[in-house]
file target-v6.pdb (PDB, C-alpha atoms, pLDDT in the B column)
ATOM      1  CA  MET A   1     -18.855  70.211 -21.180  1.00 36.00           C
ATOM      2  CA  LEU A   2     -18.720  71.158 -17.498  1.00 38.00           C
ATOM      3  CA  LYS A   3     -22.494  70.830 -17.220  1.00 39.00           C
ATOM      4  CA  LYS A   4     -22.146  67.095 -17.933  1.00 43.00           C
ATOM      5  CA  ILE A   5     -19.955  66.598 -14.887  1.00 45.00           C
ATOM      6  CA  ALA A   6     -22.356  65.867 -12.049  1.00 46.00           C
ATOM      7  CA  GLY A   7     -21.699  67.564  -8.764  1.00 46.00           C
ATOM      8  CA  PHE A   8     -19.509  70.393 -10.016  1.00 47.00           C
ATOM      9  CA  LYS A   9     -20.878  73.771  -8.989  1.00 42.00           C
ATOM     10  CA  ASP A  10     -18.288  76.056 -10.493  1.00 50.00           C
ATOM     11  CA  LYS A  11     -15.424  76.146 -12.913  1.00 55.00           C
ATOM     12  CA  ASN A  12     -12.859  75.812 -10.106  1.00 68.00           C
ATOM     13  CA  SER A  13     -14.085  72.329  -9.179  1.00 86.00           C
ATOM     14  CA  LEU A  14     -11.551  70.714 -11.508  1.00 91.00           C
ATOM     15  CA  ALA A  15      -8.691  72.894 -10.267  1.00 92.00           C
ATOM     16  CA  PRO A  16      -6.961  70.008  -8.421  1.00 94.00           C
ATOM     17  CA  ILE A  17      -6.330  68.321 -11.780  1.00 95.00           C
ATOM     18  CA  THR A  18      -2.927  69.716 -12.695  1.00 96.00           C
ATOM     19  CA  LEU A  19       0.175  68.081 -14.106  1.00 96.00           C
ATOM     20  CA  ASP A  20       1.970  68.733 -10.807  1.00 96.00           C
ATOM     21  CA  ASN A  21      -0.787  67.049  -8.800  1.00 97.00           C
ATOM     22  CA  ILE A  22      -0.960  64.117 -11.219  1.00 97.00           C
ATOM     23  CA  GLN A  23       2.806  63.715 -10.976  1.00 97.00           C
ATOM     24  CA  ARG A  24       2.692  63.915  -7.183  1.00 97.00           C
ATOM     25  CA  ALA A  25      -0.069  61.293  -7.092  1.00 96.00           C
ATOM     26  CA  MET A  26       1.984  58.967  -9.287  1.00 96.00           C
ATOM     27  CA  TYR A  27       4.889  59.223  -6.874  1.00 96.00           C
ATOM     28  CA  GLU A  28       2.561  58.567  -3.942  1.00 95.00           C
ATOM     29  CA  ILE A  29       1.353  55.299  -5.459  1.00 91.00           C
ATOM     30  CA  GLY A  30       4.907  54.163  -6.092  1.00 92.00           C
ATOM     31  CA  PHE A  31       5.692  55.101  -9.676  1.00 93.00           C
ATOM     32  CA  ASP A  32       9.421  55.669 -10.143  1.00 89.00           C
ATOM     33  CA  LYS A  33      10.779  58.950 -11.454  1.00 92.00           C
ATOM     34  CA  ALA A  34      11.685  57.684 -14.923  1.00 93.00           C
ATOM     35  CA  PHE A  35       8.268  56.095 -15.483  1.00 95.00           C
ATOM     36  CA  VAL A  36       6.490  59.226 -14.250  1.00 96.00           C
ATOM     37  CA  GLY A  37       8.522  61.313 -16.685  1.00 95.00           C
ATOM     38  CA  GLU A  38       7.485  59.116 -19.594  1.00 95.00           C
ATOM     39  CA  ILE A  39       3.816  59.394 -18.625  1.00 96.00           C
ATOM     40  CA  ILE A  40       3.809  63.128 -17.853  1.00 97.00           C
ATOM     41  CA  LYS A  41       5.493  64.109 -21.130  1.00 96.00           C
ATOM     42  CA  PRO A  42       2.532  63.163 -23.391  1.00 96.00           C
ATOM     43  CA  LEU A  43       0.090  64.658 -20.889  1.00 97.00           C
ATOM     44  CA  ALA A  44       2.033  67.938 -20.940  1.00 97.00           C
ATOM     45  CA  ILE A  45       1.808  67.961 -24.733  1.00 96.00           C
ATOM     46  CA  ARG A  46      -1.973  67.572 -24.442  1.00 96.00           C
ATOM     47  CA  VAL A  47      -2.142  70.560 -22.078  1.00 95.00           C
ATOM     48  CA  ASN A  48      -0.012  72.642 -24.442  1.00 95.00           C
ATOM     49  CA  ASN A  49      -2.079  71.669 -27.499  1.00 95.00           C
ATOM     50  CA  ASN A  50      -5.363  72.427 -25.760  1.00 93.00           C
ATOM     51  CA  SER A  51      -5.995  74.501 -22.692  1.00 92.00           C
ATOM     52  CA  GLU A  52      -5.513  73.536 -19.077  1.00 93.00           C
ATOM     53  CA  ARG A  53      -9.285  73.647 -18.643  1.00 93.00           C
ATOM     54  CA  LYS A  54      -9.915  71.243 -21.534  1.00 95.00           C
ATOM     55  CA  PHE A  55      -7.190  68.980 -20.179  1.00 95.00           C
ATOM     56  CA  GLN A  56      -8.833  68.971 -16.746  1.00 94.00           C
ATOM     57  CA  GLU A  57     -12.214  68.018 -18.216  1.00 93.00           C
ATOM     58  CA  TRP A  58     -10.652  65.328 -20.422  1.00 94.00           C
ATOM     59  CA  PHE A  59      -8.605  63.863 -17.558  1.00 94.00           C
ATOM     60  CA  TYR A  60     -11.598  63.769 -15.224  1.00 92.00           C
ATOM     61  CA  GLU A  61     -13.662  61.983 -17.865  1.00 91.00           C
ATOM     62  CA  LEU A  62     -11.143  59.184 -18.534  1.00 90.00           C
ATOM     63  CA  HIS A  63     -13.326  56.696 -16.636  1.00 90.00           C
ATOM     64  CA  TYR A  64     -10.953  53.793 -17.182  1.00 91.00           C
ATOM     65  CA  ARG A  65     -10.373  54.490 -20.861  1.00 93.00           C
ATOM     66  CA  LEU A  66      -6.857  54.413 -22.229  1.00 93.00           C
ATOM     67  CA  PRO A  67      -5.703  57.864 -23.345  1.00 94.00           C
ATOM     68  CA  ASP A  68      -4.854  58.007 -27.062  1.00 93.00           C
ATOM     69  CA  GLU A  69      -1.318  59.061 -26.182  1.00 93.00           C
ATOM     70  CA  PHE A  70      -0.601  55.548 -24.864  1.00 94.00           C
ATOM     71  CA  LYS A  71      -2.315  53.401 -27.515  1.00 92.00           C
ATOM     72  CA  ASP A  72       0.779  52.953 -29.663  1.00 92.00           C
ATOM     73  CA  ASP A  73       2.048  49.383 -29.149  1.00 91.00           C
ATOM     74  CA  GLU A  74       5.678  50.266 -29.835  1.00 94.00           C
ATOM     75  CA  PHE A  75       5.601  53.034 -27.228  1.00 94.00           C
ATOM     76  CA  ALA A  76       3.965  50.703 -24.700  1.00 94.00           C
ATOM     77  CA  ILE A  77       6.434  47.887 -25.377  1.00 95.00           C
ATOM     78  CA  LYS A  78       9.338  50.297 -24.907  1.00 96.00           C
ATOM     79  CA  LEU A  79       7.833  51.399 -21.571  1.00 95.00           C
ATOM     80  CA  TYR A  80       7.511  47.766 -20.540  1.00 96.00           C
ATOM     81  CA  GLU A  81      11.101  46.976 -21.481  1.00 96.00           C
ATOM     82  CA  ASN A  82      12.351  50.007 -19.542  1.00 95.00           C
ATOM     83  CA  HIS A  83      10.164  49.332 -16.480  1.00 95.00           C
ATOM     84  CA  ALA A  84       9.300  45.601 -16.572  1.00 96.00           C
ATOM     85  CA  SER A  85       9.693  44.982 -12.845  1.00 95.00           C
ATOM     86  CA  PHE A  86       7.481  47.922 -11.920  1.00 94.00           C
ATOM     87  CA  ILE A  87       4.809  47.011 -14.494  1.00 96.00           C
ATOM     88  CA  GLU A  88       4.688  43.402 -13.319  1.00 97.00           C
ATOM     89  CA  LYS A  89       4.244  44.543  -9.694  1.00 95.00           C
ATOM     90  CA  GLU A  90       1.419  46.885 -10.712  1.00 95.00           C
ATOM     91  CA  VAL A  91      -0.291  44.144 -12.717  1.00 96.00           C
ATOM     92  CA  ILE A  92      -0.228  41.886  -9.649  1.00 97.00           C
ATOM     93  CA  LYS A  93      -1.697  44.718  -7.537  1.00 96.00           C
ATOM     94  CA  LEU A  94      -4.472  45.265 -10.093  1.00 95.00           C
ATOM     95  CA  GLU A  95      -5.289  41.562 -10.125  1.00 96.00           C
ATOM     96  CA  LYS A  96      -5.647  41.624  -6.338  1.00 97.00           C
ATOM     97  CA  GLU A  97      -7.664  44.864  -6.329  1.00 95.00           C
ATOM     98  CA  THR A  98     -10.100  43.740  -9.011  1.00 94.00           C
ATOM     99  CA  GLU A  99      -9.999  39.997  -8.324  1.00 96.00           C
ATOM    100  CA  LEU A 100      -9.651  39.472 -12.066  1.00 94.00           C
ATOM    101  CA  PRO A 101      -6.678  38.185 -14.072  1.00 94.00           C
ATOM    102  CA  TRP A 102      -4.941  40.909 -16.020  1.00 94.00           C
ATOM    103  CA  GLU A 103      -5.877  39.217 -19.321  1.00 92.00           C
ATOM    104  CA  LYS A 104      -9.570  39.643 -18.487  1.00 93.00           C
ATOM    105  CA  GLN A 105      -9.050  43.289 -17.491  1.00 93.00           C
ATOM    106  CA  ALA A 106      -7.189  43.988 -20.739  1.00 91.00           C
ATOM    107  CA  GLU A 107      -9.620  42.256 -23.124  1.00 90.00           C
ATOM    108  CA  ASP A 108     -11.006  45.545 -24.412  1.00 89.00           C
ATOM    109  CA  LEU A 109      -7.534  46.771 -25.319  1.00 86.00           C
ATOM    110  CA  GLY A 110      -7.599  44.483 -28.354  1.00 78.00           C
ATOM    111  CA  HIS A 111      -5.193  41.843 -29.569  1.00 63.00           C
ATOM    112  CA  LEU A 112      -1.963  43.437 -28.534  1.00 70.00           C
ATOM    113  CA  ASP A 113       1.417  42.266 -27.501  1.00 90.00           C
ATOM    114  CA  GLU A 114       1.346  41.035 -23.885  1.00 94.00           C
ATOM    115  CA  LYS A 115       3.874  43.675 -22.822  1.00 95.00           C
ATOM    116  CA  ALA A 116       1.872  46.468 -24.437  1.00 95.00           C
ATOM    117  CA  SER A 117      -1.359  45.190 -22.884  1.00 94.00           C
ATOM    118  CA  LYS A 118       0.128  45.178 -19.398  1.00 96.00           C
ATOM    119  CA  VAL A 119       1.508  48.700 -19.723  1.00 96.00           C
ATOM    120  CA  GLN A 120      -1.725  50.043 -21.158  1.00 95.00           C
ATOM    121  CA  LEU A 121      -3.761  48.342 -18.439  1.00 96.00           C
ATOM    122  CA  VAL A 122      -1.619  49.894 -15.702  1.00 96.00           C
ATOM    123  CA  ILE A 123      -1.695  53.361 -17.277  1.00 96.00           C
ATOM    124  CA  ARG A 124      -5.451  53.263 -17.900  1.00 95.00           C
ATOM    125  CA  HIS A 125      -6.309  52.090 -14.410  1.00 95.00           C
ATOM    126  CA  ARG A 126      -3.906  54.261 -12.439  1.00 96.00           C
ATOM    127  CA  LEU A 127      -4.583  57.505 -14.325  1.00 96.00           C
ATOM    128  CA  SER A 128      -8.314  57.011 -13.835  1.00 93.00           C
ATOM    129  CA  ASP A 129      -7.766  56.296 -10.136  1.00 94.00           C
ATOM    130  CA  ILE A 130      -5.701  59.482  -9.865  1.00 95.00           C
ATOM    131  CA  ALA A 131      -8.441  61.532 -11.564  1.00 93.00           C
ATOM    132  CA  LEU A 132     -10.986  60.332  -9.025  1.00 90.00           C
ATOM    133  CA  ASP A 133      -8.639  60.759  -6.067  1.00 91.00           C
ATOM    134  CA  LEU A 134      -7.725  64.324  -6.965  1.00 92.00           C
ATOM    135  CA  LEU A 135     -11.334  65.400  -6.710  1.00 86.00           C
ATOM    136  CA  ASN A 136     -12.152  63.613  -3.460  1.00 82.00           C
TER     137      ASN A 136
END
call {"tool": "encode", "arguments": {"input": "target-v6.pdb", "output": "structure tokens"}}
result
Amino acid sequence: MLKKIAGFKDKNSLAPITLDNIQRAMYEIGFDKAFVGEIIKPLAIRVNNNSERKFQEWFYELHYRLPDEFKDDEFAIKLYENHASFIEKEVIKLEKETELPWEKQAEDLGHLDEKASKVQLVIRHRLSDIALDLLN
């Protein structure tokens, strides 16, 4: 799989993609501790179920796709209800960054509850941003 990743010369190229670095990046962009914990937990399970190397490759290749771990509407709605103010602020930031309304950005997420769509949009966009930032 590493051969598919353009520009990587050796197996250590993905080394910056670690749970600690992802967590640190989430704090740097303003995620609060409780929200970070709820996002890191499923990612840690993925690392434990696979290998760190497979996790690194998977995380790098997100490319603005929503990880399966966050596709459950009930989970996303619970995240929204626990962190509504934060999610709403992030949605506004994404609208400014992309110059698109959140509804347009979330069209490919399917016909979901509005709360779930907003959470999934934020998670998808920010985790993909973090993947790119960690390797730059």
call {"tool": "resolve_selection", "arguments": {"input": "target-v6.pdb", "expression": "the PyMOL selection byres ((chain A and resi 35-42) around 10)", "output": "PyMOL selection string"}}
result
chain A and resi 19-20+22-27+30-34+43-48+67-70+75+79-80+82-83+86-87+123+127
call {"tool": "resolve_selection", "arguments": {"input": "target-v6.pdb", "expression": "the PyMOL selection byres ((chain A and resi 103-112) around 12)", "output": "VMD selection string"}}
result
chain A and resid 64 to 68 70 to 74 76 to 77 91 to 92 94 to 102 113 to 125
call {"tool": "residues_around", "arguments": {"input": "target-v6.pdb", "residues": "Pro16 in chain A", "least_positions_apart": "5", "cutoff": "8 Å", "atoms": "all atoms listed in the file", "output": "MDAnalysis selection string"}}
result
chainID A and resid 21 134:135
call {"tool": "resolve_selection", "arguments": {"input": "target-v6.pdb", "expression": "the PyMOL selection byres ((chain A and resi 55) around 10)", "output": "ChimeraX atom specification"}}
result
/A:14,17-19,43-44,46-54,56-61
call {"tool": "axis_aligned_box", "arguments": {"input": "target-v6.pdb", "around": "range 102-113 of chain A", "padding_each_side": "5 Å", "output": "JSON"}}
result
{"center_x": -4.8, "center_y": 43.0, "center_z": -22.8, "size_x": 22.4, "size_y": 17.6, "size_z": 23.5}
call {"tool": "atom_distance", "arguments": {"input": "target-v6.pdb", "atom1": "CA of Arg126 in chain A", "atom2": "CA of Lys89 in chain A"}}
result
13.0 Å
call {"tool": "atom_distance", "arguments": {"input": "target-v6.pdb", "atom1": "CA of Lys93 in chain A", "atom2": "CA of Ala131 in chain A"}}
result
18.6 Å
call {"tool": "build_atoms", "arguments": {"input": "target-v6.pdb", "residues": "range 101-127 of chain A", "atoms": "N, CA, C and O atoms", "output": "PDB file, in the frame of the given file"}}
result
ATOM      1  N   PRO A 101      -7.991  38.290 -13.434  1.00 94.00           N
ATOM      2  CA  PRO A 101      -6.678  38.185 -14.072  1.00 94.00           C
ATOM      3  C   PRO A 101      -6.464  39.364 -15.024  1.00 94.00           C
ATOM      4  O   PRO A 101      -7.419  39.905 -15.583  1.00 94.00           O
ATOM      5  N   TRP A 102      -5.227  39.740 -15.200  1.00 94.00           N
ATOM      6  CA  TRP A 102      -4.941  40.909 -16.020  1.00 94.00           C
ATOM      7  C   TRP A 102      -5.462  40.724 -17.441  1.00 94.00           C
ATOM      8  O   TRP A 102      -5.901  41.681 -18.076  1.00 94.00           O
ATOM      9  N   GLU A 103      -5.414  39.469 -17.959  1.00 92.00           N
ATOM     10  CA  GLU A 103      -5.877  39.217 -19.321  1.00 92.00           C
ATOM     11  C   GLU A 103      -7.351  39.602 -19.478  1.00 92.00           C
ATOM     12  O   GLU A 103      -7.739  40.158 -20.500  1.00 92.00           O
ATOM     13  N   LYS A 104      -8.151  39.303 -18.463  1.00 93.00           N
ATOM     14  CA  LYS A 104      -9.570  39.643 -18.487  1.00 93.00           C
ATOM     15  C   LYS A 104      -9.748  41.168 -18.450  1.00 93.00           C
ATOM     16  O   LYS A 104     -10.569  41.722 -19.180  1.00 93.00           O
ATOM     17  N   GLN A 105      -8.968  41.830 -17.608  1.00 93.00           N
ATOM     18  CA  GLN A 105      -9.050  43.289 -17.491  1.00 93.00           C
ATOM     19  C   GLN A 105      -8.634  43.988 -18.779  1.00 93.00           C
ATOM     20  O   GLN A 105      -9.104  45.086 -19.078  1.00 93.00           O
ATOM     21  N   ALA A 106      -7.749  43.355 -19.539  1.00 91.00           N
ATOM     22  CA  ALA A 106      -7.189  43.988 -20.739  1.00 91.00           C
ATOM     23  C   ALA A 106      -7.885  43.545 -22.024  1.00 91.00           C
ATOM     24  O   ALA A 106      -7.465  43.954 -23.114  1.00 91.00           O
ATOM     25  N   GLU A 107      -8.940  42.761 -21.924  1.00 90.00           N
ATOM     26  CA  GLU A 107      -9.620  42.256 -23.124  1.00 90.00           C
ATOM     27  C   GLU A 107     -10.028  43.370 -24.086  1.00 90.00           C
ATOM     28  O   GLU A 107      -9.895  43.236 -25.297  1.00 90.00           O
ATOM     29  N   ASP A 108     -10.521  44.454 -23.557  1.00 89.00           N
ATOM     30  CA  ASP A 108     -11.006  45.545 -24.412  1.00 89.00           C
ATOM     31  C   ASP A 108      -9.886  46.342 -25.074  1.00 89.00           C
ATOM     32  O   ASP A 108     -10.144  47.183 -25.933  1.00 89.00           O
ATOM     33  N   LEU A 109      -8.660  46.067 -24.700  1.00 86.00           N
ATOM     34  CA  LEU A 109      -7.534  46.771 -25.319  1.00 86.00           C
ATOM     35  C   LEU A 109      -7.206  46.191 -26.696  1.00 86.00           C
ATOM     36  O   LEU A 109      -6.401  46.744 -27.418  1.00 86.00           O
ATOM     37  N   GLY A 110      -7.813  45.085 -27.043  1.00 78.00           N
ATOM     38  CA  GLY A 110      -7.599  44.483 -28.354  1.00 78.00           C
ATOM     39  C   GLY A 110      -6.531  43.406 -28.307  1.00 78.00           C
ATOM     40  O   GLY A 110      -6.033  43.043 -27.255  1.00 78.00           O
ATOM     41  N   HIS A 111      -6.188  42.912 -29.463  1.00 63.00           N
ATOM     42  CA  HIS A 111      -5.193  41.843 -29.569  1.00 63.00           C
ATOM     43  C   HIS A 111      -3.814  42.464 -29.698  1.00 63.00           C
ATOM     44  O   HIS A 111      -3.288  42.655 -30.780  1.00 63.00           O
ATOM     45  N   LEU A 112      -3.255  42.770 -28.560  1.00 70.00           N
ATOM     46  CA  LEU A 112      -1.963  43.437 -28.534  1.00 70.00           C
ATOM     47  C   LEU A 112      -0.890  42.503 -28.004  1.00 70.00           C
ATOM     48  O   LEU A 112      -1.179  41.453 -27.445  1.00 70.00           O
ATOM     49  N   ASP A 113       0.299  42.922 -28.139  1.00 90.00           N
ATOM     50  CA  ASP A 113       1.417  42.266 -27.501  1.00 90.00           C
ATOM     51  C   ASP A 113       1.173  42.240 -25.988  1.00 90.00           C
ATOM     52  O   ASP A 113       0.637  43.202 -25.432  1.00 90.00           O
ATOM     53  N   GLU A 114       1.561  41.164 -25.329  1.00 94.00           N
ATOM     54  CA  GLU A 114       1.346  41.035 -23.885  1.00 94.00           C
ATOM     55  C   GLU A 114       1.991  42.192 -23.114  1.00 94.00           C
ATOM     56  O   GLU A 114       1.387  42.736 -22.181  1.00 94.00           O
ATOM     57  N   LYS A 115       3.187  42.576 -23.505  1.00 95.00           N
ATOM     58  CA  LYS A 115       3.874  43.675 -22.822  1.00 95.00           C
ATOM     59  C   LYS A 115       3.087  44.970 -22.970  1.00 95.00           C
ATOM     60  O   LYS A 115       2.890  45.705 -21.998  1.00 95.00           O
ATOM     61  N   ALA A 116       2.646  45.247 -24.184  1.00 95.00           N
ATOM     62  CA  ALA A 116       1.872  46.468 -24.437  1.00 95.00           C
ATOM     63  C   ALA A 116       0.572  46.450 -23.644  1.00 95.00           C
ATOM     64  O   ALA A 116       0.183  47.458 -23.052  1.00 95.00           O
ATOM     65  N   SER A 117      -0.094  45.309 -23.620  1.00 94.00           N
ATOM     66  CA  SER A 117      -1.359  45.190 -22.884  1.00 94.00           C
ATOM     67  C   SER A 117      -1.172  45.485 -21.403  1.00 94.00           C
ATOM     68  O   SER A 117      -1.990  46.175 -20.796  1.00 94.00           O
ATOM     69  N   LYS A 118      -0.117  44.964 -20.824  1.00 96.00           N
ATOM     70  CA  LYS A 118       0.128  45.178 -19.398  1.00 96.00           C
ATOM     71  C   LYS A 118       0.388  46.648 -19.105  1.00 96.00           C
ATOM     72  O   LYS A 118      -0.160  47.208 -18.153  1.00 96.00           O
ATOM     73  N   VAL A 119       1.209  47.272 -19.918  1.00 96.00           N
ATOM     74  CA  VAL A 119       1.508  48.700 -19.723  1.00 96.00           C
ATOM     75  C   VAL A 119       0.240  49.529 -19.875  1.00 96.00           C
ATOM     76  O   VAL A 119      -0.057  50.396 -19.050  1.00 96.00           O
ATOM     77  N   GLN A 120      -0.523  49.267 -20.911  1.00 95.00           N
ATOM     78  CA  GLN A 120      -1.725  50.043 -21.158  1.00 95.00           C
ATOM     79  C   GLN A 120      -2.764  49.832 -20.063  1.00 95.00           C
ATOM     80  O   GLN A 120      -3.447  50.768 -19.665  1.00 95.00           O
ATOM     81  N   LEU A 121      -2.850  48.624 -19.546  1.00 96.00           N
ATOM     82  CA  LEU A 121      -3.761  48.342 -18.439  1.00 96.00           C
ATOM     83  C   LEU A 121      -3.375  49.160 -17.208  1.00 96.00           C
ATOM     84  O   LEU A 121      -4.212  49.808 -16.594  1.00 96.00           O
ATOM     85  N   VAL A 122      -2.097  49.154 -16.871  1.00 96.00           N
ATOM     86  CA  VAL A 122      -1.619  49.894 -15.702  1.00 96.00           C
ATOM     87  C   VAL A 122      -1.864  51.390 -15.880  1.00 96.00           C
ATOM     88  O   VAL A 122      -2.392  52.052 -14.984  1.00 96.00           O
ATOM     89  N   ILE A 123      -1.513  51.926 -17.037  1.00 96.00           N
ATOM     90  CA  ILE A 123      -1.695  53.361 -17.277  1.00 96.00           C
ATOM     91  C   ILE A 123      -3.177  53.730 -17.203  1.00 96.00           C
ATOM     92  O   ILE A 123      -3.556  54.688 -16.525  1.00 96.00           O
ATOM     93  N   ARG A 124      -4.019  52.971 -17.885  1.00 95.00           N
ATOM     94  CA  ARG A 124      -5.451  53.263 -17.900  1.00 95.00           C
ATOM     95  C   ARG A 124      -6.032  53.255 -16.486  1.00 95.00           C
ATOM     96  O   ARG A 124      -6.724  54.189 -16.089  1.00 95.00           O
ATOM     97  N   HIS A 125      -5.724  52.232 -15.739  1.00 95.00           N
ATOM     98  CA  HIS A 125      -6.309  52.090 -14.410  1.00 95.00           C
ATOM     99  C   HIS A 125      -5.783  53.156 -13.441  1.00 95.00           C
ATOM    100  O   HIS A 125      -6.557  53.806 -12.745  1.00 95.00           O
ATOM    101  N   ARG A 126      -4.484  53.329 -13.411  1.00 96.00           N
ATOM    102  CA  ARG A 126      -3.906  54.261 -12.439  1.00 96.00           C
ATOM    103  C   ARG A 126      -4.237  55.721 -12.751  1.00 96.00           C
ATOM    104  O   ARG A 126      -4.493  56.501 -11.833  1.00 96.00           O
ATOM    105  N   LEU A 127      -4.230  56.112 -14.014  1.00 96.00           N
ATOM    106  CA  LEU A 127      -4.583  57.505 -14.325  1.00 96.00           C
ATOM    107  C   LEU A 127      -6.037  57.786 -13.968  1.00 96.00           C
ATOM    108  O   LEU A 127      -6.359  58.861 -13.456  1.00 96.00           O
TER     109      LEU A 127
END
